[in-house]
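This is final-v1.txt (compact mmCIF, C-alpha atoms).
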```txt
# COMPACT_ATOMS: atom_id res chain seq x y z
CA MET A 14 92.81 -72.55 69.41
CA ASN A 15 95.93 -74.65 69.97
CA ASN A 16 96.52 -77.43 72.50
CA THR A 17 98.41 -75.21 74.96
CA GLN A 18 95.66 -72.61 74.97
CA THR A 19 93.00 -75.29 75.53
CA LYS A 20 95.01 -76.83 78.35
CA ASN A 21 95.50 -73.43 79.99
CA GLN A 22 91.77 -72.66 79.77
CA PHE A 23 90.87 -75.97 81.40
CA ILE A 24 93.50 -75.39 84.12
CA ALA A 25 92.22 -71.84 84.78
CA VAL A 26 88.62 -73.04 85.16
CA ALA A 27 89.70 -75.96 87.38
CA THR A 28 91.80 -73.56 89.50
CA ILE A 29 88.95 -71.18 90.21
CA THR A 30 86.56 -74.03 91.05
CA SER A 31 89.07 -75.51 93.48
CA GLU A 32 90.10 -72.18 95.08
CA LEU A 33 86.49 -71.07 95.45
CA SER A 34 85.38 -74.22 97.24
CA ALA A 35 88.09 -73.41 99.83
CA VAL A 36 86.79 -69.82 100.04
CA VAL A 37 83.29 -71.06 100.91
CA VAL A 38 84.68 -73.21 103.76
CA ILE A 39 86.63 -70.23 105.14
CA ALA A 40 83.68 -67.86 104.77
CA LYS A 41 81.60 -70.32 106.81
CA GLU A 42 84.32 -70.26 109.47
CA ILE A 43 84.13 -66.46 109.57
CA SER A 44 80.38 -66.68 109.94
CA LEU A 45 80.83 -69.06 112.88
CA ALA A 46 83.48 -66.80 114.42
CA ALA A 47 81.08 -63.86 114.09
CA ALA A 48 78.31 -65.80 115.88
CA ASN A 49 80.77 -66.81 118.58
CA ALA A 50 81.95 -63.22 118.99
CA LYS A 51 78.36 -62.04 119.24
CA ALA A 52 77.72 -64.43 122.13
CA ILE A 53 80.90 -63.31 123.92
CA ALA A 54 80.08 -59.64 123.35
CA PHE A 55 76.55 -60.21 124.73
CA ARG A 56 78.02 -61.77 127.90
CA ALA A 57 80.57 -58.95 128.19
CA GLY A 58 77.76 -56.37 128.16
CA ASP A 59 78.93 -52.75 128.35
CA LYS A 60 82.57 -53.80 128.31
CA ALA A 61 82.20 -54.96 124.70
CA LYS A 62 79.57 -52.48 123.57
CA GLY A 63 81.66 -51.33 120.60
CA PHE A 64 82.22 -54.93 119.55
CA GLN A 65 78.55 -55.85 119.06
CA PRO A 66 77.83 -53.99 115.80
CA ILE A 67 81.16 -55.27 114.42
CA THR A 68 80.07 -58.90 114.90
CA ASP A 69 76.86 -58.25 112.94
CA PHE A 70 78.85 -56.64 110.17
CA ILE A 71 81.31 -59.56 109.97
CA GLY A 72 78.40 -62.03 109.89
CA ASP A 73 76.74 -60.15 107.02
CA LEU A 74 80.03 -59.93 105.16
CA ALA A 75 80.58 -63.70 105.46
CA LYS A 76 77.02 -64.38 104.25
CA GLU A 77 77.44 -62.08 101.29
CA THR A 78 80.77 -63.69 100.41
CA ILE A 79 79.17 -67.16 100.40
CA GLU A 80 76.34 -65.95 98.15
CA ARG A 81 78.71 -64.23 95.78
CA VAL A 82 80.94 -67.31 95.55
CA ALA A 83 77.87 -69.42 94.70
CA ALA A 84 77.12 -67.01 91.83
CA ILE A 85 80.76 -67.17 90.72
CA ASN A 86 80.64 -70.97 90.75
CA GLU A 87 77.63 -70.90 88.44
CA LEU A 88 79.57 -68.64 86.09
CA ALA A 89 82.56 -70.99 86.34
CA ILE A 90 80.34 -73.89 85.21
CA VAL A 91 79.22 -71.83 82.20
CA LEU A 92 82.87 -71.06 81.50
CA TYR A 93 83.73 -74.77 81.66
CA LYS A 94 80.95 -75.61 79.18
CA VAL A 95 82.13 -72.87 76.82
CA THR A 96 85.68 -74.25 77.06
CA VAL A 97 84.49 -77.80 76.26
CA ASN A 98 82.42 -76.56 73.30
CA GLU A 99 85.26 -74.40 72.02
CA PHE A 100 87.63 -77.34 72.31
CA ARG A 101 85.26 -79.63 70.38
CA VAL A 102 84.76 -77.12 67.60
CA ALA A 103 88.51 -76.43 67.47
CA VAL A 104 89.19 -80.17 67.05
CA SER A 105 86.67 -80.26 64.19
CA TYR A 106 88.15 -77.16 62.59
CA ASN A 107 91.65 -78.63 62.68
CA LYS A 108 90.41 -81.91 61.17
CA PHE A 109 88.44 -80.09 58.45
CA ASP A 110 91.51 -78.00 57.68
CA GLU A 111 93.51 -81.23 57.34
CA VAL A 112 90.84 -82.59 54.98
CA THR A 113 91.11 -79.54 52.71
CA LYS A 114 94.89 -79.96 52.57
CA ILE A 115 94.88 -83.66 51.69
CA SER A 116 91.87 -83.65 49.35
CA ARG A 117 93.00 -80.99 46.86
CA SER A 118 92.88 -83.41 43.95
CA ALA A 119 89.38 -84.67 44.86
CA MET A 120 86.50 -83.83 42.54
CA TYR A 121 84.38 -82.43 45.37
CA ALA A 122 87.19 -80.89 47.47
CA ASP A 123 85.57 -77.43 47.33
CA SER A 124 82.49 -78.66 49.19
CA MET A 125 84.59 -78.85 52.37
CA GLN A 126 84.98 -75.06 52.46
CA LYS A 127 81.50 -74.46 53.87
CA PRO A 128 81.90 -76.71 56.96
CA LEU A 129 85.40 -75.26 57.46
CA ASP A 130 84.11 -71.67 57.40
CA LYS A 131 81.15 -72.55 59.62
CA THR A 132 83.31 -74.15 62.34
CA LYS A 133 85.72 -71.20 62.22
CA ILE A 134 82.88 -68.78 62.93
CA ILE A 135 81.53 -70.96 65.76
CA MET A 136 85.03 -71.27 67.23
CA GLN A 137 85.49 -67.49 67.15
CA ASP A 138 82.05 -67.01 68.78
CA TYR A 139 82.99 -69.36 71.65
CA ASN A 140 86.32 -67.58 72.05
CA ARG A 141 84.54 -64.22 72.34
CA GLN A 142 82.02 -65.70 74.79
CA PHE A 143 84.87 -67.11 76.89
CA LYS A 144 86.55 -63.69 77.09
CA ARG A 145 83.23 -62.01 77.93
CA ASP A 146 82.49 -64.51 80.73
CA VAL A 147 86.03 -64.19 82.08
CA THR A 148 85.58 -60.39 82.32
CA LEU A 149 82.30 -60.94 84.22
CA LEU A 150 83.96 -63.45 86.51
CA LEU A 151 86.90 -61.15 87.21
CA GLY A 152 84.45 -58.43 88.27
CA GLN A 153 82.79 -60.81 90.73
CA LEU A 154 86.14 -61.98 92.07
CA GLU A 155 87.26 -58.38 92.60
CA ALA A 156 84.12 -57.85 94.71
CA VAL A 157 84.95 -60.89 96.89
CA MET A 158 88.49 -59.62 97.29
CA HIS A 159 87.14 -56.23 98.33
CA HIS A 160 85.02 -58.00 100.98
CA ALA A 161 88.10 -59.78 102.28
CA GLN A 162 89.99 -56.48 102.51
CA THR A 163 87.08 -54.93 104.40
CA ALA A 164 87.03 -57.90 106.78
CA ARG A 165 90.72 -57.36 107.55
CA VAL A 166 90.11 -53.67 108.33
CA ILE A 167 87.23 -54.68 110.62
CA ALA A 168 89.49 -57.22 112.30
CA THR A 169 91.86 -54.38 113.17
CA TYR A 170 88.98 -52.34 114.70
CA SER A 171 87.90 -55.45 116.55
CA ARG A 172 91.31 -55.76 118.17
CA ILE A 173 91.04 -52.17 119.43
CA GLU A 174 87.54 -52.77 120.78
CA ALA A 175 88.62 -56.06 122.34
CA SER A 176 91.37 -54.28 124.30
CA GLN A 177 88.63 -52.49 126.28
CA ALA A 178 86.69 -55.65 127.12
CA GLY A 179 88.41 -56.48 130.43
CA GLU A 180 88.33 -60.20 131.20
CA TYR A 181 86.87 -60.86 127.71
CA LEU A 182 89.90 -59.36 126.02
CA GLN A 183 91.54 -62.68 125.17
CA SER A 184 88.39 -64.31 123.77
CA LEU A 185 87.51 -61.31 121.62
CA GLN A 186 91.07 -60.88 120.42
CA ALA A 187 91.09 -64.52 119.40
CA VAL A 188 87.92 -63.88 117.36
CA ALA A 189 89.53 -60.83 115.71
CA GLU A 190 92.62 -62.90 114.93
CA SER A 191 90.61 -65.71 113.34
CA VAL A 192 88.60 -63.23 111.22
CA ASP A 193 91.82 -61.56 110.09
CA LYS A 194 93.48 -64.87 109.24
CA ALA A 195 90.43 -66.16 107.34
CA ALA A 196 90.05 -62.89 105.41
CA TYR A 197 93.73 -63.04 104.48
CA THR A 198 93.34 -66.63 103.18
CA ILE A 199 90.25 -65.66 101.13
CA HIS A 200 92.19 -62.73 99.71
CA GLU A 201 95.04 -65.05 98.67
CA ASN A 202 92.73 -67.67 97.14
CA VAL A 203 90.77 -65.11 95.16
CA GLN A 204 94.04 -63.53 94.05
CA SER A 205 95.05 -66.96 92.64
CA CYS A 206 91.76 -67.12 90.73
CA ILE A 207 92.30 -63.64 89.29
CA MET A 208 95.84 -64.51 88.24
CA ALA A 209 94.64 -67.74 86.59
CA LEU A 210 91.97 -65.91 84.59
CA ALA A 211 93.70 -62.61 83.85
CA PRO A 212 95.60 -63.82 80.73
CA PHE A 213 92.27 -64.69 79.05
CA SER A 214 90.64 -61.30 79.50
CA LYS A 215 92.99 -59.64 76.99
CA MET B 21 93.46 -94.13 52.12
CA LYS B 22 92.74 -96.52 49.26
CA SER B 23 89.32 -96.80 47.68
CA THR B 24 87.94 -99.67 45.63
CA LYS B 25 84.68 -99.80 43.69
CA ILE B 26 83.11 -103.14 44.56
CA TYR B 27 79.81 -102.66 42.76
CA GLU B 28 78.81 -100.44 39.88
CA GLY B 29 75.23 -100.63 38.67
CA SER B 30 72.29 -98.32 39.29
CA HIS B 31 74.31 -97.19 42.28
CA LEU B 32 77.86 -97.58 43.58
CA TRP B 33 79.50 -99.46 46.46
CA ILE B 34 82.96 -98.25 47.39
CA MET B 35 85.26 -99.71 50.00
CA PHE B 36 87.79 -97.45 51.78
CA GLY B 37 90.72 -98.77 53.77
CA ARG B 38 94.40 -99.69 53.98
CA ASP B 39 95.32 -96.15 55.00
CA GLU B 40 99.11 -95.92 54.82
CA ASN B 41 99.21 -92.89 57.11
CA LYS B 42 97.25 -94.57 59.88
CA PRO B 43 99.04 -94.67 63.27
CA ASP B 44 100.50 -98.18 63.81
CA ASN B 45 98.78 -98.78 67.13
CA ILE B 46 95.19 -98.47 65.93
CA ILE B 47 93.40 -101.29 64.15
CA ASP B 48 92.95 -100.93 60.39
CA SER B 49 89.31 -100.73 59.39
CA ASN B 50 87.23 -100.90 56.22
CA GLN B 51 84.68 -98.20 55.60
CA TYR B 52 82.02 -98.52 52.92
CA MET B 53 79.96 -96.08 50.90
CA VAL B 54 76.74 -96.57 48.99
CA ARG B 55 76.36 -93.79 46.43
CA THR B 56 73.05 -93.20 44.69
CA LYS B 57 72.01 -90.31 42.46
CA SER B 58 71.59 -87.74 45.21
CA HIS B 59 72.44 -89.57 48.41
CA CYS B 60 75.46 -91.03 50.00
CA LEU B 61 75.50 -93.52 52.87
CA LEU B 62 78.65 -94.22 54.86
CA LEU B 63 78.74 -97.60 56.60
CA ASP B 64 80.81 -97.81 59.79
CA PRO B 65 82.52 -94.51 58.91
CA GLY B 66 85.37 -95.13 61.32
CA GLY B 67 87.18 -93.70 64.31
CA ALA B 68 88.02 -90.05 64.97
CA GLU B 69 91.64 -90.77 64.08
CA MET B 70 90.58 -91.81 60.57
CA PHE B 71 88.15 -88.96 59.92
CA ALA B 72 90.37 -86.66 57.84
CA ALA B 73 91.64 -89.46 55.59
CA MET B 74 88.14 -90.90 55.23
CA MET B 75 86.47 -87.57 54.42
CA ALA B 76 89.23 -86.73 51.92
CA ALA B 77 88.67 -90.11 50.23
CA VAL B 78 84.89 -89.64 50.17
CA LEU B 79 85.26 -86.23 48.46
CA HIS B 80 86.44 -88.06 45.33
CA TYR B 81 82.92 -89.52 45.01
CA ALA B 82 80.48 -87.09 46.62
CA PRO B 83 80.26 -83.50 47.87
CA VAL B 84 79.78 -82.98 51.62
CA GLU B 85 76.15 -81.88 51.23
CA GLN B 86 75.23 -85.21 49.59
CA ILE B 87 76.53 -87.28 52.53
CA THR B 88 73.06 -87.70 53.92
CA ASP B 89 73.16 -90.98 55.83
CA LEU B 90 75.47 -92.79 58.23
CA PHE B 91 75.19 -96.32 59.54
CA ALA B 92 76.92 -97.75 62.62
CA SER B 93 76.74 -101.53 62.96
CA HIS B 94 77.45 -101.19 66.68
CA GLN B 95 79.00 -98.83 69.22
CA ASP B 96 82.72 -99.53 69.00
CA PRO B 97 85.13 -96.58 68.66
CA ASP B 98 86.72 -97.90 65.44
CA VAL B 99 83.20 -97.98 63.97
CA ILE B 100 81.83 -94.56 64.87
CA SER B 101 83.95 -92.45 67.25
CA SER B 102 84.19 -89.96 64.37
CA LEU B 103 80.48 -89.19 64.88
CA GLY B 104 81.16 -85.82 66.59
CA LEU B 105 83.16 -84.70 63.56
CA TRP B 106 80.53 -85.81 61.02
CA ASP B 107 78.04 -84.03 63.24
CA GLN B 108 79.88 -80.73 62.73
CA ALA B 109 80.50 -81.29 59.02
CA LEU B 110 77.11 -82.51 57.76
CA THR B 111 73.78 -80.76 57.57
CA ASN B 112 70.48 -82.68 57.59
CA ALA B 113 72.14 -86.07 57.96
CA LYS B 114 70.75 -89.19 59.67
CA LEU B 115 72.52 -91.87 61.67
CA TYR B 116 71.06 -95.39 61.57
CA ALA B 117 72.35 -97.29 64.59
CA PRO B 118 71.07 -99.88 67.10
CA ALA B 119 68.34 -98.43 69.31
CA ILE B 120 69.96 -99.81 72.46
CA TRP B 121 73.15 -97.82 71.84
CA GLU B 122 71.55 -94.41 71.34
CA GLY B 123 72.35 -93.04 74.80
CA TYR B 124 75.91 -94.33 74.49
CA LEU B 125 76.65 -93.18 70.95
CA ARG B 126 75.48 -89.67 71.73
CA HIS B 127 78.57 -89.35 73.96
CA PHE B 128 80.56 -88.99 70.71
CA GLY B 129 78.51 -85.86 69.87
CA CYS B 130 75.25 -86.08 67.92
CA GLU B 131 73.43 -82.75 67.93
CA SER B 132 72.73 -81.89 64.31
CA ILE B 133 72.60 -85.46 62.99
CA LYS B 134 69.23 -87.18 63.50
CA TYR B 135 69.58 -90.49 65.33
CA MET B 136 67.43 -93.17 63.66
CA PRO B 137 67.21 -95.99 66.21
CA ILE B 138 67.12 -99.46 64.61
CA PRO B 139 64.77 -101.76 66.54
CA ASP B 140 66.05 -105.24 67.48
CA LYS B 141 64.17 -106.89 64.61
CA GLY B 142 65.93 -104.72 61.98
CA GLY B 143 64.63 -102.35 59.32
CA THR B 144 65.48 -100.69 56.02
CA ILE B 145 67.33 -97.66 54.67
CA LYS B 146 66.01 -96.05 51.50
CA LEU B 147 68.39 -94.07 49.28
CA ASP B 148 66.65 -92.78 46.17
CA SER B 149 65.40 -96.02 44.52
CA VAL B 150 67.76 -98.30 46.47
CA GLU B 151 66.44 -100.14 49.52
CA LEU B 152 68.95 -101.65 51.91
CA GLN B 153 68.01 -104.21 54.55
CA LEU B 154 69.26 -103.99 58.13
CA ILE B 155 69.96 -107.57 59.21
CA PRO B 156 70.11 -108.35 62.96
CA ALA B 157 73.47 -109.70 64.10
CA HIS B 158 73.03 -109.33 67.86
CA TYR B 159 75.84 -110.61 70.10
CA LEU B 160 78.14 -110.79 67.07
CA HIS B 161 79.99 -109.32 68.77
CA SER B 162 78.00 -106.46 70.24
CA SER B 163 74.71 -107.05 72.08
CA GLY B 164 73.02 -104.63 69.67
CA ASN B 165 74.46 -105.26 66.19
CA PHE B 166 73.26 -104.99 62.58
CA HIS B 167 74.59 -105.74 59.10
CA VAL B 168 73.52 -104.14 55.82
CA TYR B 169 72.32 -106.22 52.88
CA ASP B 170 71.86 -104.82 49.40
CA PRO B 171 69.68 -107.24 47.35
CA GLN B 172 70.48 -105.41 44.11
CA ALA B 173 74.25 -105.42 44.49
CA LYS B 174 74.15 -108.71 46.44
CA ILE B 175 76.55 -107.32 49.02
CA LEU B 176 76.37 -108.03 52.75
CA MET B 177 78.32 -105.55 54.85
CA SER B 178 78.98 -107.88 57.76
CA GLY B 179 80.62 -105.70 60.44
CA ASP B 180 83.02 -107.74 62.54
CA ILE B 181 81.92 -111.08 61.06
CA GLY B 182 84.47 -112.21 58.53
CA ALA B 183 87.03 -109.80 59.99
CA ALA B 184 90.68 -110.77 60.02
CA LEU B 185 93.79 -109.48 61.73
CA ASP B 186 95.84 -109.16 58.57
CA ALA B 187 99.12 -107.52 57.60
CA ALA B 188 99.15 -103.84 56.61
CA GLY B 189 98.52 -103.36 52.92
CA SER B 190 96.96 -106.80 52.43
CA PRO B 191 94.84 -107.35 49.27
CA MET B 192 91.21 -106.27 49.24
CA PHE B 193 89.80 -109.76 48.56
CA VAL B 194 90.56 -113.20 49.98
CA ASP B 195 92.60 -115.13 47.41
CA ASN B 196 93.37 -118.30 49.37
CA PHE B 197 90.53 -119.15 51.73
CA ASP B 198 92.29 -121.95 53.63
CA ALA B 199 95.33 -119.79 54.36
CA HIS B 200 93.05 -116.91 55.35
CA THR B 201 91.22 -118.87 58.07
CA GLU B 202 94.21 -118.61 60.39
CA LYS B 203 93.95 -114.82 60.25
CA MET B 204 90.28 -115.00 61.29
CA ARG B 205 90.21 -117.85 63.82
CA TYR B 206 91.35 -116.05 66.99
CA PHE B 207 89.37 -112.91 66.15
CA HIS B 208 86.10 -114.82 65.85
CA GLN B 209 86.70 -117.14 68.79
CA ARG B 210 87.71 -114.30 71.11
CA TRP B 211 85.37 -111.48 70.02
CA MET B 212 82.21 -113.47 69.31
CA PRO B 213 80.60 -114.59 72.55
CA SER B 214 77.72 -116.87 71.55
CA ASN B 215 77.43 -120.04 69.44
CA GLN B 216 73.65 -119.72 69.61
CA ALA B 217 73.78 -116.18 68.17
CA LYS B 218 76.29 -117.32 65.55
CA ASN B 219 74.04 -120.18 64.34
CA ASP B 220 70.99 -117.93 64.32
CA TRP B 221 72.85 -115.42 62.10
CA ILE B 222 74.17 -118.15 59.76
CA GLY B 223 70.64 -119.49 59.29
CA ARG B 224 69.39 -116.04 58.36
CA VAL B 225 72.30 -115.15 56.08
CA ARG B 226 72.22 -118.46 54.15
CA LYS B 227 68.83 -117.38 52.78
CA LEU B 228 70.38 -114.26 51.21
CA ASP B 229 71.88 -114.17 47.75
CA ILE B 230 75.37 -112.82 48.41
CA ASN B 231 78.15 -112.05 45.93
CA ILE B 232 80.36 -110.13 48.31
CA LEU B 233 80.69 -110.44 52.09
CA ALA B 234 82.27 -107.18 53.25
CA PRO B 235 83.66 -107.14 56.80
CA GLN B 236 84.89 -104.13 58.76
CA HIS B 237 88.46 -105.44 59.05
CA GLY B 238 90.64 -107.39 56.66
CA ARG B 239 89.73 -108.77 53.26
CA MET B 240 86.35 -109.14 51.58
CA PHE B 241 84.99 -112.49 50.37
CA ARG B 242 83.47 -112.99 46.94
CA GLY B 243 81.84 -115.78 44.99
CA ASP B 244 82.32 -119.24 46.46
CA ASP B 245 84.41 -117.91 49.33
CA VAL B 246 81.21 -116.50 50.85
CA LYS B 247 79.77 -120.02 51.27
CA ARG B 248 83.19 -121.30 52.39
CA PHE B 249 83.22 -118.66 55.08
CA LEU B 250 79.71 -119.53 56.32
CA ASP B 251 80.64 -123.24 56.49
CA TRP B 252 83.88 -122.48 58.32
CA PHE B 253 82.16 -120.12 60.78
CA GLU B 254 79.40 -122.67 61.43
CA ASN B 255 81.97 -125.22 62.56
CA LEU B 256 83.92 -122.77 64.71
CA GLN B 257 83.40 -122.75 68.48
CA VAL B 258 83.27 -119.16 69.69
CA GLY B 259 83.31 -117.57 73.16
CA ILE B 260 86.38 -119.57 74.10
CA VAL B 261 87.62 -117.62 77.09
CA VAL B 262 85.06 -118.89 79.60
```
This entry written out as structure tokens:
Amino acid sequence: MNNTQTKNQFIAVATITSELSAVVVIAKEISLAAANAKAIAFRAGDKAKGFQPITDFIGDLAKETIERVAAINELAIVLYKVTVNEFRVAVSYNKFDEVTKISRSAMYADSMQKPLDKTKIIMQDYNRQFKRDVTLLLGQLEAVMHHAQTARVIATYSRIEASQAGEYLQSLQAVAESVDKAAYTIHENVQSCIMALAPFSK
Amino acid sequence: MKSTKIYEGSHLWIMFGRDENKPDNIIDSNQYMVRTKSHCLLLDPGGAEMFAAMMAAVLHYAPVEQITDLFASHQDPDVISSLGLWDQALTNAKLYAPAIWEGYLRHFGCESIKYMPIPDKGGTIKLDSVELQLIPAHYLHSSGNFHVYDPQAKILMSGDIGAALDAAGSPMFVDNFDAHTEKMRYFHQRWMPSNQAKNDWIGRVRKLDINILAPQHGRMFRGDDVKRFLDWFENLQVGIVV
């Protein structure tokens, strides 16, 4: 593990933590928009009949996104700890390697081989664990992205339904717009996370 | 890193220091080793920057598996920030360090090494048939601080007391005490906070039979220079900034 790799791992983990906290805020906004839309649709009665089940669906989607992001954050914390441990062991390995190089003439130089081999194995284990956790995390992120794509499709349906809601058209279209915009932002943020992590899954 | 045998009897005392490859902007430090038949104690083993040079120097005297004990006089980084590295390298080792610094020192990494907290009143370290005394030196300069006295070798490892800010590559022992005091004055006046603690320590140390006073920085004192140092230190006002 060299310095650039370590730095990139720390940056990737920091990126996903930061992007995901923004996703939670947006998902909460969608949830609020869904509740708002539900109230409007209730007032609109038959005029917004097709809109009512859509609001429930959007609300559920937002809730599920928040839950999934919480799970991803827990995984991100694990990933951070693995990165810290891997970094520590890598520092030790590099120092031990330096010791073996500068102590060749020492009577007990050979005794350094065991700690050197041990730290190499630990370092490789952490590296494998990091890759495994990244693959898990990418799977979870793909699911959130899929939710965001679904939300955008629903926003399109919502616009169609809103067009039949008479005097409620503007209010419901505004809700559909805000859902679409929020879903787009989530999609972009999650895409950033995936791009930050992708190089480490290979 | 240079190494110097300072005692050779039933066991060995070795001083390590004056590392020519040390970065210029970190303070030079003296590390000590007590080597018995099957054990090896490193006293103030040094900062993380010094680890490779220190370990390489130690391997001339002992294999890794016989480095069984570490001692940290206090919590400073030049004393023990290498702890995390020793922790990865050693198996079944113990660290003797002030009890009050345990929670702090563990920040350096201390998972496999067993922390042996030294109570304020002091204690002992046993290495085969050698028994070393842990002498309280609180507030000199750290609030939890110990020195190591070996009654057989008559050596007192005195941490920051007796330390000097000396030129790189300076000799291992003081050869002109009067000239040397100027290299120690500011260090002791600025780093040591308490005249009361200083006098308490001097009273305790005067009762010990000491051939060599071995500080963590600068030159060691031997023979009559040990008494000269205690007299000089007794007359020095410390804690001068306030």
Handout entry: Neighbour residues at most 12 Å from (88.8, -83.4, 64.1) (all atoms listed in the file) as a PyMOL selection string
Key = (chain A and resi 100-112+128-129+132) or (chain B and resi 67-75+101-109+128)
With C-alpha atoms retained, export the selected residues as a short mmCIF file (atom, residue, chain, number, x, y, z; two decimals), keeping the file's coordinate frame.
```cif
data_model
loop_
_atom_site.label_atom_id
_atom_site.label_comp_id
_atom_site.auth_asym_id
_atom_site.auth_seq_id
_atom_site.Cartn_x
_atom_site.Cartn_y
_atom_site.Cartn_z
CA PHE A 100 87.63 -77.34 72.31
CA ARG A 101 85.26 -79.63 70.38
CA VAL A 102 84.76 -77.12 67.60
CA ALA A 103 88.51 -76.43 67.47
CA VAL A 104 89.19 -80.17 67.05
CA SER A 105 86.67 -80.26 64.19
CA TYR A 106 88.15 -77.16 62.59
CA ASN A 107 91.65 -78.63 62.68
CA LYS A 108 90.41 -81.91 61.17
CA PHE A 109 88.44 -80.09 58.45
CA ASP A 110 91.51 -78.00 57.68
CA GLU A 111 93.51 -81.23 57.34
CA VAL A 112 90.84 -82.59 54.98
CA PRO A 128 81.90 -76.71 56.96
CA LEU A 129 85.40 -75.26 57.46
CA THR A 132 83.31 -74.15 62.34
CA GLY B 67 87.18 -93.70 64.31
CA ALA B 68 88.02 -90.05 64.97
CA GLU B 69 91.64 -90.77 64.08
CA MET B 70 90.58 -91.81 60.57
CA PHE B 71 88.15 -88.96 59.92
CA ALA B 72 90.37 -86.66 57.84
CA ALA B 73 91.64 -89.46 55.59
CA MET B 74 88.14 -90.90 55.23
CA MET B 75 86.47 -87.57 54.42
CA SER B 101 83.95 -92.45 67.25
CA SER B 102 84.19 -89.96 64.37
CA LEU B 103 80.48 -89.19 64.88
CA GLY B 104 81.16 -85.82 66.59
CA LEU B 105 83.16 -84.70 63.56
CA TRP B 106 80.53 -85.81 61.02
CA ASP B 107 78.04 -84.03 63.24
CA GLN B 108 79.88 -80.73 62.73
CA ALA B 109 80.50 -81.29 59.02
CA PHE B 128 80.56 -88.99 70.71
#
```
Completion exercise
Using all atoms listed in the file, the residue out of B:Leu32, B:Val262, B:Leu185, B:Cys130 with shortest distance to Lys203 in chain B is B:Leu185
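Using only C-alpha atoms, the nearest neighbour of Ile29 in chain A within the list A:Ala89, A:Ile173, A:Val166, A:Ala156 is A:Ala89.
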Practice task
Check the smallest atom-to-atom distance from each of A:Thr30, A:Ser116, A:Asn98, A:Gln142 to chain B using only C-alpha atoms, then report the winner.
Solution key: A:Ser116
Completion exercise
Between CA of Ala211 in chain A and CA of Ala35 in chain A lies a distance of 20.1 Å
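Minimum atom-to-atom distances from A:Thr113, A:Asn49, A:Asn86, A:Ser31 to chain B were compared using only C-alpha atoms, and the lowest value belongs to A:Thr113.
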Completion exercise
The distance between CA of His94 in chain B and CA of Glu122 in chain B is 10.1 Å
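For the atom pair formed by CA of Val38 in chain A and CA of Ala84 in chain A, the distance is 15.4 Å, given to one decimal.
Ranking B:Ala92, B:Ile138, B:Val99, B:Leu110 by their shortest atom-to-atom distance to chain A, with only C-alpha atoms included, puts B:Leu110 first.
Closest approach to Gln186 in chain A among A:Met125, A:Gly58, A:Val36, A:Ala46: A:Ala46, based on all atoms listed in the file.
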Mind dumping a table of every range 96-121 of chain B residue within 12 Å of range 53-61 of chain B, with the nearest atom pair and its distance in Å to one decimal, using all atoms listed in the file, sorted by chain and rising number, as CSV?
```
residue,atom,partner,partner_atom,distance
B:Leu110,CA,B:Cys60,CA,11.6
B:Asn112,CA,B:His59,CA,11.6
B:Ala113,CA,B:Leu61,CA,9.6
B:Lys114,CA,B:Leu61,CA,9.4
B:Leu115,CA,B:Leu61,CA,9.4
B:Tyr116,CA,B:Leu61,CA,9.9
```
Convert the current residue selection to file output with C-alpha atoms, as an mmCIF file, keeping the file's coordinate frame.
```cif
data_model
loop_
_atom_site.group_PDB
_atom_site.id
_atom_site.type_symbol
_atom_site.label_atom_id
_atom_site.label_comp_id
_atom_site.auth_asym_id
_atom_site.auth_seq_id
_atom_site.Cartn_x
_atom_site.Cartn_y
_atom_site.Cartn_z
ATOM 1 C CA LEU B 110 77.110 -82.510 57.760
ATOM 2 C CA ASN B 112 70.480 -82.680 57.590
ATOM 3 C CA ALA B 113 72.140 -86.070 57.960
ATOM 4 C CA LYS B 114 70.750 -89.190 59.670
ATOM 5 C CA LEU B 115 72.520 -91.870 61.670
ATOM 6 C CA TYR B 116 71.060 -95.390 61.570
#
```
Exercise for the section: Identify, on the basis of only C-alpha atoms, every residue whose closest approach to range 150-157 of chain B does not exceed 7 Å; exclude the query and any residue fewer than 6 positions from it along the same chain; express the result as an MDAnalysis selection string. Expected result: chainID B and resid 140:144 165:170 221
